[in-house]
>>> print(open('protein.tsv').read())   # TSV, C-alpha atoms
chain	number	residue	atom	x	y	z
N	25	MET	CA	75.64	70.01	105.77
N	26	THR	CA	73.17	72.75	104.80
N	27	ALA	CA	71.58	74.36	107.84
N	28	ASN	CA	68.03	73.38	108.85
N	29	LYS	CA	68.03	70.22	106.67
N	30	THR	CA	68.31	66.68	107.83
N	31	LEU	CA	71.03	64.43	106.49
N	32	GLN	CA	68.54	62.53	104.30
N	33	THR	CA	67.23	65.70	102.67
N	34	THR	CA	70.74	67.10	102.23
N	35	LEU	CA	71.76	63.94	100.39
N	36	ILE	CA	69.13	64.81	97.77
N	37	HIS	CA	69.06	68.62	97.87
N	38	HIS	CA	72.64	69.81	98.12
N	39	ASP	CA	73.36	73.49	97.50
N	40	TYR	CA	76.66	73.00	95.69
N	41	GLU	CA	76.84	73.94	92.00
N	42	PRO	CA	80.08	73.38	90.06
N	43	PRO	CA	81.70	76.46	88.50
N	44	GLN	CA	80.99	77.21	84.84
N	45	GLY	CA	83.60	77.23	82.10
N	46	PHE	CA	84.90	73.67	82.17
N	47	GLY	CA	86.41	72.83	78.77
N	48	ALA	CA	87.43	69.43	77.44
N	49	PHE	CA	87.40	67.51	74.16
N	50	PRO	CA	84.81	64.86	75.10
N	51	PRO	CA	81.19	66.08	75.24
N	52	ALA	CA	79.51	65.88	78.61
N	53	ILE	CA	77.29	62.91	79.42
N	54	HIS	CA	73.89	64.05	80.69
N	55	HIS	CA	71.86	61.35	82.44
N	56	ALA	CA	68.24	62.34	82.91
N	57	SER	CA	64.71	61.11	82.76
N	58	THR	CA	63.15	64.11	84.51
N	59	VAL	CA	64.07	67.51	83.08
N	60	LEU	CA	63.58	70.48	85.43
N	61	PHE	CA	61.67	73.64	84.49
N	62	ASP	CA	62.25	77.07	86.02
N	63	ASN	CA	58.55	77.65	86.59
N	64	VAL	CA	55.07	76.43	85.64
N	65	ALA	CA	54.88	78.75	82.63
N	66	ALA	CA	58.03	77.18	81.21
N	67	LEU	CA	56.61	73.70	81.80
N	68	ARG	CA	53.35	74.52	80.05
N	69	SER	CA	54.99	76.23	77.08
N	70	GLY	CA	57.53	73.46	76.47
N	71	ASP	CA	57.25	71.60	73.16
N	72	TRP	CA	59.01	68.24	72.97
N	73	LYS	CA	59.44	68.66	69.18
N	74	ASP	CA	61.41	71.91	69.65
N	75	LYS	CA	65.07	71.03	70.10
N	76	THR	CA	66.04	74.48	71.30
N	77	GLY	CA	64.99	73.35	74.78
N	78	TYR	CA	64.35	70.27	76.91
N	79	THR	CA	61.16	68.68	78.17
N	80	TYR	CA	61.88	65.07	79.11
N	81	GLY	CA	64.85	62.75	78.87
N	82	LEU	CA	63.18	60.55	76.25
N	83	HIS	CA	62.91	63.53	73.91
N	84	GLY	CA	66.53	64.57	74.24
N	85	THR	CA	69.36	65.82	76.42
N	86	PRO	CA	72.47	67.83	75.52
N	87	THR	CA	74.25	64.51	74.93
N	88	THR	CA	71.74	63.09	72.45
N	89	PHE	CA	71.16	66.45	70.73
N	90	THR	CA	74.93	66.74	70.17
N	91	LEU	CA	75.13	63.25	68.67
N	92	GLU	CA	72.15	63.96	66.41
N	93	ALA	CA	73.77	67.15	65.12
N	94	LYS	CA	77.05	65.35	64.41
N	95	LEU	CA	75.34	62.51	62.55
N	96	ALA	CA	73.23	64.89	60.48
N	97	ALA	CA	76.40	66.76	59.48
N	98	ILE	CA	78.12	63.54	58.35
N	99	GLU	CA	75.21	62.72	56.05
N	100	GLY	CA	74.62	66.28	54.89
N	101	GLY	CA	71.20	66.34	56.57
N	102	THR	CA	69.65	68.81	58.97
N	103	HIS	CA	67.53	66.76	61.38
N	104	CYS	CA	68.26	63.46	63.13
N	105	LEU	CA	66.31	61.09	65.38
N	106	LEU	CA	68.05	58.41	67.43
N	107	ALA	CA	66.69	54.90	67.99
N	108	PRO	CA	67.83	51.90	70.06
N	109	SER	CA	68.87	49.91	66.96
N	110	GLY	CA	69.04	50.08	63.20
N	111	LEU	CA	65.89	47.96	62.92
N	112	SER	CA	63.96	50.24	65.27
N	113	ALA	CA	65.01	53.18	63.06
N	114	ILE	CA	63.59	51.35	60.04
N	115	THR	CA	60.40	50.60	61.99
N	116	MET	CA	60.09	54.27	62.93
N	117	VAL	CA	60.08	55.22	59.26
N	118	ASP	CA	57.59	52.53	58.23
N	119	LEU	CA	55.13	53.29	61.00
N	120	GLY	CA	55.58	57.03	60.60
N	121	LEU	CA	54.74	57.11	56.90
N	122	LEU	CA	52.47	54.11	56.28
N	123	LYS	CA	48.92	53.25	57.28
N	124	ALA	CA	46.34	50.62	56.32
N	125	GLY	CA	45.70	50.70	52.58
N	126	ASP	CA	49.12	52.13	51.71
N	127	ASP	CA	51.78	50.44	49.59
N	128	VAL	CA	55.54	50.23	50.18
N	129	LEU	CA	58.21	49.10	47.70
N	130	LEU	CA	61.32	47.31	48.98
N	131	PRO	CA	64.33	46.00	47.05
N	132	ASP	CA	64.47	42.24	46.82
N	133	ASN	CA	67.93	42.29	48.43
N	134	VAL	CA	66.76	44.26	51.46
N	135	TYR	CA	68.19	43.63	54.94
N	136	HIS	CA	66.37	40.47	55.98
N	137	PRO	CA	64.82	41.79	59.24
N	138	SER	CA	63.44	44.68	57.15
N	139	ARG	CA	61.89	42.08	54.84
N	140	VAL	CA	60.35	40.32	57.85
N	141	LEU	CA	59.01	43.69	59.00
N	142	GLY	CA	57.55	44.39	55.55
N	143	ASN	CA	55.81	41.03	55.54
N	144	TRP	CA	54.41	41.74	59.02
N	145	LEU	CA	53.08	45.13	57.86
N	146	GLN	CA	51.26	43.31	55.08
N	147	GLN	CA	49.88	40.50	57.21
N	148	SER	CA	48.89	42.49	60.30
N	149	MET	CA	48.34	46.12	59.29
N	150	GLY	CA	46.81	46.03	55.82
N	151	ILE	CA	49.84	47.65	54.20
N	152	THR	CA	50.91	46.15	50.87
N	153	ALA	CA	54.65	45.32	50.73
N	154	ARG	CA	56.05	44.59	47.26
N	155	TYR	CA	59.61	43.67	46.31
N	156	TYR	CA	61.42	44.93	43.24
N	157	ASP	CA	64.60	44.08	41.35
N	158	PRO	CA	67.31	46.19	43.03
N	159	LEU	CA	68.80	46.99	39.60
N	160	ILE	CA	65.50	48.27	38.20
N	161	GLY	CA	66.60	51.92	38.12
N	162	ALA	CA	64.13	54.25	36.41
N	163	GLY	CA	61.94	51.24	35.67
N	164	ILE	CA	60.56	51.53	39.19
N	165	ALA	CA	58.19	54.17	37.83
N	166	ALA	CA	56.01	51.38	36.42
N	167	LEU	CA	55.61	49.87	39.91
N	168	ILE	CA	54.51	53.05	41.70
N	169	ARG	CA	50.78	53.13	42.37
N	170	PRO	CA	48.59	55.95	43.70
N	171	GLU	CA	48.66	54.20	47.10
N	172	THR	CA	52.46	53.86	47.14
N	173	LYS	CA	53.70	56.02	50.02
N	174	LEU	CA	57.31	54.91	50.46
N	175	VAL	CA	60.16	53.42	48.44
N	176	TRP	CA	62.98	51.72	50.32
N	177	THR	CA	66.48	51.37	48.88
N	178	GLU	CA	69.72	49.80	50.07
N	179	ALA	CA	73.12	50.58	48.60
N	180	PRO	CA	74.51	48.04	48.15
N	181	GLY	CA	71.96	45.37	48.95
N	182	SER	CA	72.30	43.27	52.05
N	183	VAL	CA	74.41	40.12	51.56
N	184	THR	CA	74.26	39.99	47.73
N	185	MET	CA	75.79	43.45	47.22
N	186	GLU	CA	73.95	44.74	44.12
N	187	VAL	CA	74.29	48.53	43.80
N	188	PRO	CA	71.08	50.32	42.78
N	189	ASP	CA	70.86	53.41	40.58
N	190	LEU	CA	69.71	55.75	43.34
N	191	PRO	CA	69.38	58.93	41.24
N	192	ALA	CA	67.13	57.12	38.74
N	193	ILE	CA	64.95	55.58	41.47
N	194	CYS	CA	64.71	58.87	43.35
N	195	ALA	CA	63.79	60.85	40.24
N	196	ALA	CA	61.03	58.40	39.34
N	197	ALA	CA	59.64	58.43	42.89
N	198	ARG	CA	59.88	62.20	43.30
N	199	ALA	CA	57.96	62.73	40.05
N	200	ARG	CA	55.11	60.85	41.70
N	201	GLY	CA	55.41	62.49	45.11
N	202	VAL	CA	56.74	59.40	46.88
N	203	PRO	CA	59.60	59.72	49.41
N	204	VAL	CA	62.65	57.46	49.11
N	205	ALA	CA	64.37	56.01	52.18
N	206	LEU	CA	67.89	54.60	52.02
N	207	ASP	CA	69.55	52.20	54.41
N	208	ASN	CA	73.02	53.73	54.16
N	209	THR	CA	74.66	51.57	56.83
N	210	TRP	CA	77.15	49.94	54.43
N	211	SER	CA	78.85	53.27	53.66
N	212	ALA	CA	78.26	54.88	57.09
N	213	GLY	CA	77.64	58.16	55.26
N	214	VAL	CA	81.38	58.29	54.62
N	215	ALA	CA	81.39	56.95	51.06
N	216	LEU	CA	77.98	58.06	49.73
N	217	ARG	CA	76.30	61.49	49.74
N	218	ALA	CA	72.75	60.19	49.68
N	219	PHE	CA	70.85	63.48	49.84
N	220	GLU	CA	72.75	64.79	46.86
N	221	LEU	CA	71.45	61.81	44.86
N	222	GLY	CA	67.83	62.61	45.69
N	223	VAL	CA	67.20	60.45	48.76
N	224	ASP	CA	64.69	61.90	51.25
N	225	ILE	CA	65.39	59.76	54.33
N	226	VAL	CA	68.67	58.16	55.41
N	227	VAL	CA	68.70	55.35	57.95
N	228	GLN	CA	71.87	54.24	59.70
N	229	ALA	CA	72.69	51.37	62.05
N	230	LEU	CA	75.13	53.20	64.31
N	231	THR	CA	75.91	49.77	65.73
N	232	LYS	CA	78.41	49.40	62.90
N	233	TYR	CA	81.21	51.81	61.90
N	234	GLN	CA	80.04	54.84	63.89
N	235	SER	CA	80.55	53.17	67.26
N	236	GLY	CA	83.39	51.06	65.93
N	237	GLY	CA	83.73	48.92	69.03
N	238	ALA	CA	81.11	46.21	68.48
N	239	ASP	CA	79.65	47.17	71.86
N	240	VAL	CA	76.72	49.51	71.10
N	241	LEU	CA	73.28	49.04	69.56
N	242	MET	CA	71.81	52.22	68.06
N	243	GLY	CA	70.16	53.59	64.94
N	244	ALA	CA	69.45	56.96	63.38
N	245	VAL	CA	67.02	58.52	60.92
N	246	ILE	CA	68.27	61.63	59.14
N	247	VAL	CA	66.35	64.02	56.87
N	248	ARG	CA	66.58	67.50	55.40
N	249	ASP	CA	62.88	68.36	55.22
N	250	VAL	CA	61.33	69.85	58.37
N	251	ALA	CA	57.80	68.56	57.68
N	252	LEU	CA	59.16	65.06	57.10
N	253	HIS	CA	61.17	65.26	60.30
N	254	ASP	CA	58.10	66.31	62.29
N	255	LYS	CA	56.10	63.38	60.89
N	256	LEU	CA	58.86	60.93	61.82
N	257	ALA	CA	59.28	62.59	65.22
N	258	LEU	CA	55.65	61.73	65.98
N	259	SER	CA	56.41	58.09	65.16
N	260	HIS	CA	59.52	58.32	67.35
N	261	MET	CA	57.43	59.63	70.26
N	262	ARG	CA	54.55	57.16	69.81
N	263	LEU	CA	56.96	54.22	69.80
N	264	GLY	CA	58.71	55.58	72.89
N	265	LEU	CA	62.14	55.30	71.30
N	266	GLY	CA	65.10	56.52	73.28
N	267	VAL	CA	68.81	55.83	73.76
N	268	GLY	CA	70.98	55.88	76.85
N	269	ALA	CA	73.41	58.73	77.44
N	270	ASP	CA	76.35	56.38	77.88
N	271	ASP	CA	75.65	54.67	74.57
N	272	ALA	CA	75.31	58.05	72.85
N	273	TYR	CA	78.68	59.01	74.29
N	274	LEU	CA	80.29	55.81	73.02
N	275	VAL	CA	79.07	56.51	69.49
N	276	MET	CA	80.34	60.10	69.70
N	277	ARG	CA	83.69	58.83	70.93
N	278	GLY	CA	83.98	56.75	67.75
N	279	LEU	CA	83.12	59.53	65.29
N	280	PRO	CA	86.52	61.32	65.15
N	281	THR	CA	88.16	58.13	63.85
N	282	LEU	CA	85.23	57.04	61.65
N	283	LYS	CA	86.80	57.99	58.31
N	284	LEU	CA	90.21	56.57	59.23
N	285	ARG	CA	88.72	53.26	60.34
N	286	PHE	CA	86.39	53.04	57.34
N	287	ASP	CA	89.30	53.53	54.96
N	288	ALA	CA	91.35	50.90	56.81
N	289	HIS	CA	88.47	48.40	56.60
N	290	ASP	CA	88.14	49.23	52.90
N	291	ALA	CA	91.82	48.67	52.12
N	292	GLY	CA	91.93	45.41	54.06
N	293	ALA	CA	88.73	44.08	52.47
N	294	ARG	CA	89.92	44.80	48.92
N	295	THR	CA	93.18	42.99	49.64
N	296	VAL	CA	91.38	39.93	51.00
N	297	ALA	CA	88.70	39.98	48.29
N	298	THR	CA	91.31	40.23	45.53
N	299	TRP	CA	93.11	37.20	46.93
N	300	LEU	CA	89.85	35.24	47.17
N	301	LYS	CA	88.96	36.11	43.59
N	302	ALA	CA	91.96	34.12	42.39
N	303	ARG	CA	91.11	31.02	44.41
N	304	PRO	CA	89.66	28.02	42.54
N	305	GLU	CA	87.28	27.31	45.43
N	306	ILE	CA	85.50	30.63	44.88
N	307	ALA	CA	83.07	31.02	41.96
N	308	ARG	CA	82.35	34.75	42.46
N	309	VAL	CA	83.37	37.60	44.70
N	310	LEU	CA	80.49	40.00	45.34
N	311	HIS	CA	82.29	43.26	46.08
N	312	PRO	CA	80.92	46.51	44.57
N	313	ALA	CA	84.43	47.76	43.75
N	314	PHE	CA	84.96	44.77	41.41
N	315	GLU	CA	83.85	45.13	37.80
N	316	ASP	CA	81.79	41.94	37.72
N	317	CYS	CA	79.68	42.85	40.76
N	318	PRO	CA	76.12	43.84	39.71
N	319	GLY	CA	75.86	47.62	39.75
N	320	HIS	CA	79.63	48.21	39.79
N	321	ALA	CA	79.39	51.10	37.30
N	322	THR	CA	76.85	52.78	39.57
N	323	TRP	CA	79.10	52.24	42.59
N	324	ARG	CA	82.01	53.80	40.71
N	325	ARG	CA	79.87	56.82	39.81
N	326	ASP	CA	78.25	57.44	43.20
N	327	PHE	CA	80.60	56.08	45.88
N	328	THR	CA	84.03	57.11	47.14
N	329	GLY	CA	84.81	53.93	49.10
N	330	ALA	CA	83.61	50.49	50.06
N	331	GLY	CA	84.24	49.61	53.71
N	332	GLY	CA	84.95	46.11	54.95
N	333	LEU	CA	81.89	44.06	53.95
N	334	PHE	CA	81.61	41.75	50.93
N	335	SER	CA	80.38	38.27	50.01
N	336	VAL	CA	81.60	35.29	48.01
N	337	LEU	CA	79.91	32.38	46.27
N	338	PHE	CA	81.72	29.09	46.66
N	339	ASP	CA	82.08	26.82	43.67
N	340	ALA	CA	79.01	24.60	43.27
N	341	ARG	CA	81.06	21.44	43.86
N	342	TYR	CA	81.20	22.34	47.54
N	343	GLY	CA	78.03	21.59	49.49
N	344	GLU	CA	76.72	23.31	52.59
N	345	ALA	CA	78.42	20.84	54.93
N	346	GLN	CA	81.79	21.64	53.36
N	347	THR	CA	81.36	25.42	53.46
N	348	ASP	CA	80.13	25.20	57.03
N	349	ARG	CA	83.30	23.27	57.85
N	350	PHE	CA	85.30	26.05	56.17
N	351	VAL	CA	83.64	28.70	58.38
N	352	ASP	CA	84.11	26.57	61.49
N	353	SER	CA	87.81	26.17	60.63
N	354	LEU	CA	88.52	29.89	60.61
N	355	LYS	CA	90.52	31.16	63.57
N	356	LEU	CA	90.72	34.95	63.20
N	357	PHE	CA	87.35	35.34	61.49
N	358	LYS	CA	84.71	34.80	64.15
N	359	ILE	CA	81.15	33.67	63.39
N	360	GLY	CA	78.64	36.43	64.05
N	361	TYR	CA	76.39	39.08	62.57
N	362	SER	CA	77.05	42.81	62.16
N	363	TRP	CA	80.25	44.55	61.12
N	364	GLY	CA	82.24	47.73	61.64
N	365	GLY	CA	84.17	46.63	64.71
N	366	PRO	CA	87.87	45.80	64.88
N	367	ASN	CA	87.32	42.02	64.64
N	368	SER	CA	86.74	40.18	61.37
N	369	LEU	CA	83.55	38.15	61.00
N	370	CYS	CA	82.18	35.47	58.67
N	371	VAL	CA	78.62	34.18	58.16
N	372	PRO	CA	77.27	31.55	55.72
N	373	TYR	CA	73.77	32.22	54.35
N	374	ARG	CA	70.95	30.05	53.08
N	375	MET	CA	69.69	32.36	50.36
N	376	GLN	CA	66.43	30.57	49.62
N	377	GLY	CA	63.72	32.62	51.33
N	378	MET	CA	65.96	35.68	51.57
N	379	ARG	CA	65.71	36.51	47.85
N	380	SER	CA	62.92	35.84	45.37
N	381	GLY	CA	63.86	33.14	42.88
N	382	TRP	CA	67.46	32.83	44.08
N	383	ASP	CA	69.02	30.25	41.78
N	384	ALA	CA	72.76	30.88	41.98
N	385	ALA	CA	74.72	27.71	42.56
N	386	GLY	CA	77.09	27.52	45.49
N	387	THR	CA	76.90	28.66	49.10
N	388	LEU	CA	77.09	32.38	49.83
N	389	VAL	CA	79.44	33.42	52.62
N	390	ARG	CA	79.72	37.01	53.83
N	391	PHE	CA	83.00	38.40	55.15
N	392	ASN	CA	83.52	41.43	57.33
N	393	VAL	CA	87.17	42.43	57.28
N	394	GLY	CA	88.14	44.09	60.52
N	395	LEU	CA	91.33	45.92	61.42
N	396	GLU	CA	93.68	42.92	61.61
N	397	ASP	CA	96.63	42.66	59.21
N	398	PRO	CA	95.20	41.47	55.85
N	399	ALA	CA	98.13	39.05	55.44
N	400	ASP	CA	97.10	37.29	58.65
N	401	LEU	CA	93.47	37.15	57.52
N	402	ILE	CA	94.48	35.66	54.17
N	403	ALA	CA	96.56	33.02	55.93
N	404	ASP	CA	93.57	32.20	58.10
N	405	ILE	CA	91.28	31.78	55.08
N	406	GLU	CA	93.91	29.68	53.29
N	407	GLN	CA	94.19	27.19	56.14
N	408	ALA	CA	90.39	27.00	56.42
N	409	LEU	CA	90.00	26.34	52.69
N	410	ALA	CA	92.01	23.18	53.20
N	411	ALA	CA	89.06	21.85	55.20
N	412	LEU	CA	86.92	21.79	52.05
N	413	ALA	CA	88.80	18.75	50.79
N	414	TYR	CA	87.68	16.49	53.63
>>> encode(input="protein.tsv", output="structure tokens")
Amino acid sequence: MTANKTLQTTLIHHDYEPPQGFGAFPPAIHHASTVLFDNVAALRSGDWKDKTGYTYGLHGTPTTFTLEAKLAAIEGGTHCLLAPSGLSAITMVDLGLLKAGDDVLLPDNVYHPSRVLGNWLQQSMGITARYYDPLIGAGIAALIRPETKLVWTEAPGSVTMEVPDLPAICAAARARGVPVALDNTWSAGVALRAFELGVDIVVQALTKYQSGGADVLMGAVIVRDVALHDKLALSHMRLGLGVGADDAYLVMRGLPTLKLRFDAHDAGARTVATWLKARPEIARVLHPAFEDCPGHATWRRDFTGAGGLFSVLFDARYGEAQTDRFVDSLKLFKIGYSWGGPNSLCVPYRMQGMRSGWDAAGTLVRFNVGLEDPADLIADIEQALAALAY
């Protein structure tokens, strides 16, 4: 015990400091809310926006700064902000760039919670949210108004998998001084170089492939422009967004195997999707790597892979009760949202209300192919398809 201190004080103020120079592959996990300053001058001169130092745990620790740098490098960006979920990352962008009287354009196939958020912005904050055909390409120029302050894109679109012409959309928006944000979760930054196509803001749900274990919720916003980063950082601060050090570590632990896992998901999904395409029960397979998927030519031009997520449309002769029975009959495919973990998932969707004027016949079912043997997954689907006959 340190001399002249009681046991209680020594439990809090111990003199021991570990030696410097410890080296290991995993990054250190720094838990902190309070960050200590050497003196009052250092406290008063600290700037929470300056990531060369530390001010408070919410604004960053060595653990979160390291994860941000790694994520920015994957996307080819320079600045990254972490959020507790993919949706909170989207919210950070909306509230950082939009105010009452502004206008935002969203693709009609946008991630449904993002659509709900857009509708809320319109109903509660006086921000106009309009939805456009995801395959509009350069035609988006005709939709951009003087009050348009943000264009959202998704590549491919959530659930229905259309692939937009990002360079054409970005060129049209940039000519009018409007930033373009991309939800790049489907490719995890592995299969699409968004900034090279003209995108200004990349949003990721790190919940998916980056963590890889289906056990973390986290999001990220990545940019190249310093002024844009500072504007979004203000939104990040005002919303009080932060992530736990342990969660940040879990995402970092998944990054070294990200490309290997993504490619394995991709190979397995193409095998399963190809088998499904030949089944009489399936009217269409919505997989961007297939020629008949809307936007396939754009996918082939801009992407280097596809991951494990795709959808199918069942033949119209099967009603919702039958397709629900199919999903319930699956053994290896579990019922649940998200993707990117080792386990395969399956979700049926009611498309009315999710897309404007959706008129395709047949129930849409989305598959996430995990890391199981594709032959086993195919056998599982085959036995479940038998349930359609009853």
>>> residues_around(input="protein.tsv", residues="Leu412 in chain N", least_positions_apart="2", cutoff="9 Å", atoms="all atoms listed in the file", output="list in words")
Glu305, Tyr342, Gln346, Thr347, Arg349, Phe350, Ala408, Leu409, Ala410 and Tyr414 of chain N
>>> residues_around(input="protein.tsv", residues="Gln376 in chain N", least_positions_apart="2", cutoff="12 Å", atoms="all atoms listed in the file", output="list in words")
Asn133, His136, Tyr373, Arg374, Met378, Arg379, Ser380, Gly381, Trp382, Asp383, Ala384, Ala385, Gly386, Thr387 and Leu388 of chain N
>>> atom_distance(input="protein.tsv", atom1="CA of Ile114 in chain N", atom2="CA of Thr177 in chain N")
11.5 Å
>>> residues_around(input="protein.tsv", residues="range 208-222 of chain N", least_positions_apart="3", cutoff="9 Å", atoms="only C-alpha atoms", output="CSV table (one decimal) with C-alpha atoms, keeping the file's coordinate frame")
chain,number,residue,atom,x,y,z
N,95,LEU,CA,75.3,62.5,62.6
N,98,ILE,CA,78.1,63.5,58.4
N,99,GLU,CA,75.2,62.7,56.0
N,100,GLY,CA,74.6,66.3,54.9
N,101,GLY,CA,71.2,66.3,56.6
N,110,GLY,CA,69.0,50.1,63.2
N,177,THR,CA,66.5,51.4,48.9
N,178,GLU,CA,69.7,49.8,50.1
N,179,ALA,CA,73.1,50.6,48.6
N,180,PRO,CA,74.5,48.0,48.2
N,181,GLY,CA,72.0,45.4,49.0
N,182,SER,CA,72.3,43.3,52.0
N,190,LEU,CA,69.7,55.8,43.3
N,191,PRO,CA,69.4,58.9,41.2
N,192,ALA,CA,67.1,57.1,38.7
N,193,ILE,CA,65.0,55.6,41.5
N,194,CYS,CA,64.7,58.9,43.4
N,195,ALA,CA,63.8,60.8,40.2
N,198,ARG,CA,59.9,62.2,43.3
N,204,VAL,CA,62.6,57.5,49.1
N,225,ILE,CA,65.4,59.8,54.3
N,226,VAL,CA,68.7,58.2,55.4
N,227,VAL,CA,68.7,55.4,58.0
N,228,GLN,CA,71.9,54.2,59.7
N,229,ALA,CA,72.7,51.4,62.0
N,230,LEU,CA,75.1,53.2,64.3
N,232,LYS,CA,78.4,49.4,62.9
N,233,TYR,CA,81.2,51.8,61.9
N,234,GLN,CA,80.0,54.8,63.9
N,247,VAL,CA,66.4,64.0,56.9
N,248,ARG,CA,66.6,67.5,55.4
N,282,LEU,CA,85.2,57.0,61.6
N,283,LYS,CA,86.8,58.0,58.3
N,286,PHE,CA,86.4,53.0,57.3
N,326,ASP,CA,78.2,57.4,43.2
N,327,PHE,CA,80.6,56.1,45.9
N,328,THR,CA,84.0,57.1,47.1
N,329,GLY,CA,84.8,53.9,49.1
N,330,ALA,CA,83.6,50.5,50.1
N,331,GLY,CA,84.2,49.6,53.7
N,332,GLY,CA,85.0,46.1,55.0
N,333,LEU,CA,81.9,44.1,54.0
>>> residues_near_point(input="protein.tsv", point="(49.3, 50.0, 52.3)", cutoff="12 Å", atoms="only C-alpha atoms", output="PyMOL selection string")
chain N and resi 118-119+121-129+142-154+169-174
>>> closest_residue(input="protein.tsv", among="N:Gly394, N:Gly163, N:Pro86, N:Gly201", to="Ala238 in chain N", atoms="only C-alpha atoms")
N:Gly394
>>> closest_residue(input="protein.tsv", among="N:Trp176, N:Tyr78, N:Arg303, N:Ile246", to="Arg139 in chain N", atoms="only C-alpha atoms")
N:Trp176
>>> atom_distance(input="protein.tsv", atom1="CA of Pro312 in chain N", atom2="CA of Pro108 in chain N")
29.2 Å
>>> atom_distance(input="protein.tsv", atom1="CA of Lys94 in chain N", atom2="CA of Pro280 in chain N")
10.3 Å
>>> closest_residue(input="protein.tsv", among="N:Leu91, N:Leu356, N:Ala413, N:Leu256", to="Asp400 in chain N", atoms="only C-alpha atoms")
N:Leu356
>>> residues_around(input="protein.tsv", residues="Val296 in chain N", least_positions_apart="3", cutoff="9 Å", atoms="all atoms listed in the file", output="PyMOL selection string")
chain N and resi 291-293+299-301+393+398-399+401-402
>>> closest_residue(input="protein.tsv", among="N:Arg277, N:His83, N:His260, N:Lys358", to="Ala244 in chain N", atoms="only C-alpha atoms")
N:His260
>>> residues_around(input="protein.tsv", residues="His311 in chain N", least_positions_apart="4", cutoff="8 Å", atoms="all atoms listed in the file", output="PyMOL selection string")
chain N and resi 185+297+317+333-335
>>> closest_residue(input="protein.tsv", among="N:Thr79, N:Ala66, N:Ala96, N:Leu395", to="Asp290 in chain N", atoms="all atoms listed in the file")
N:Leu395
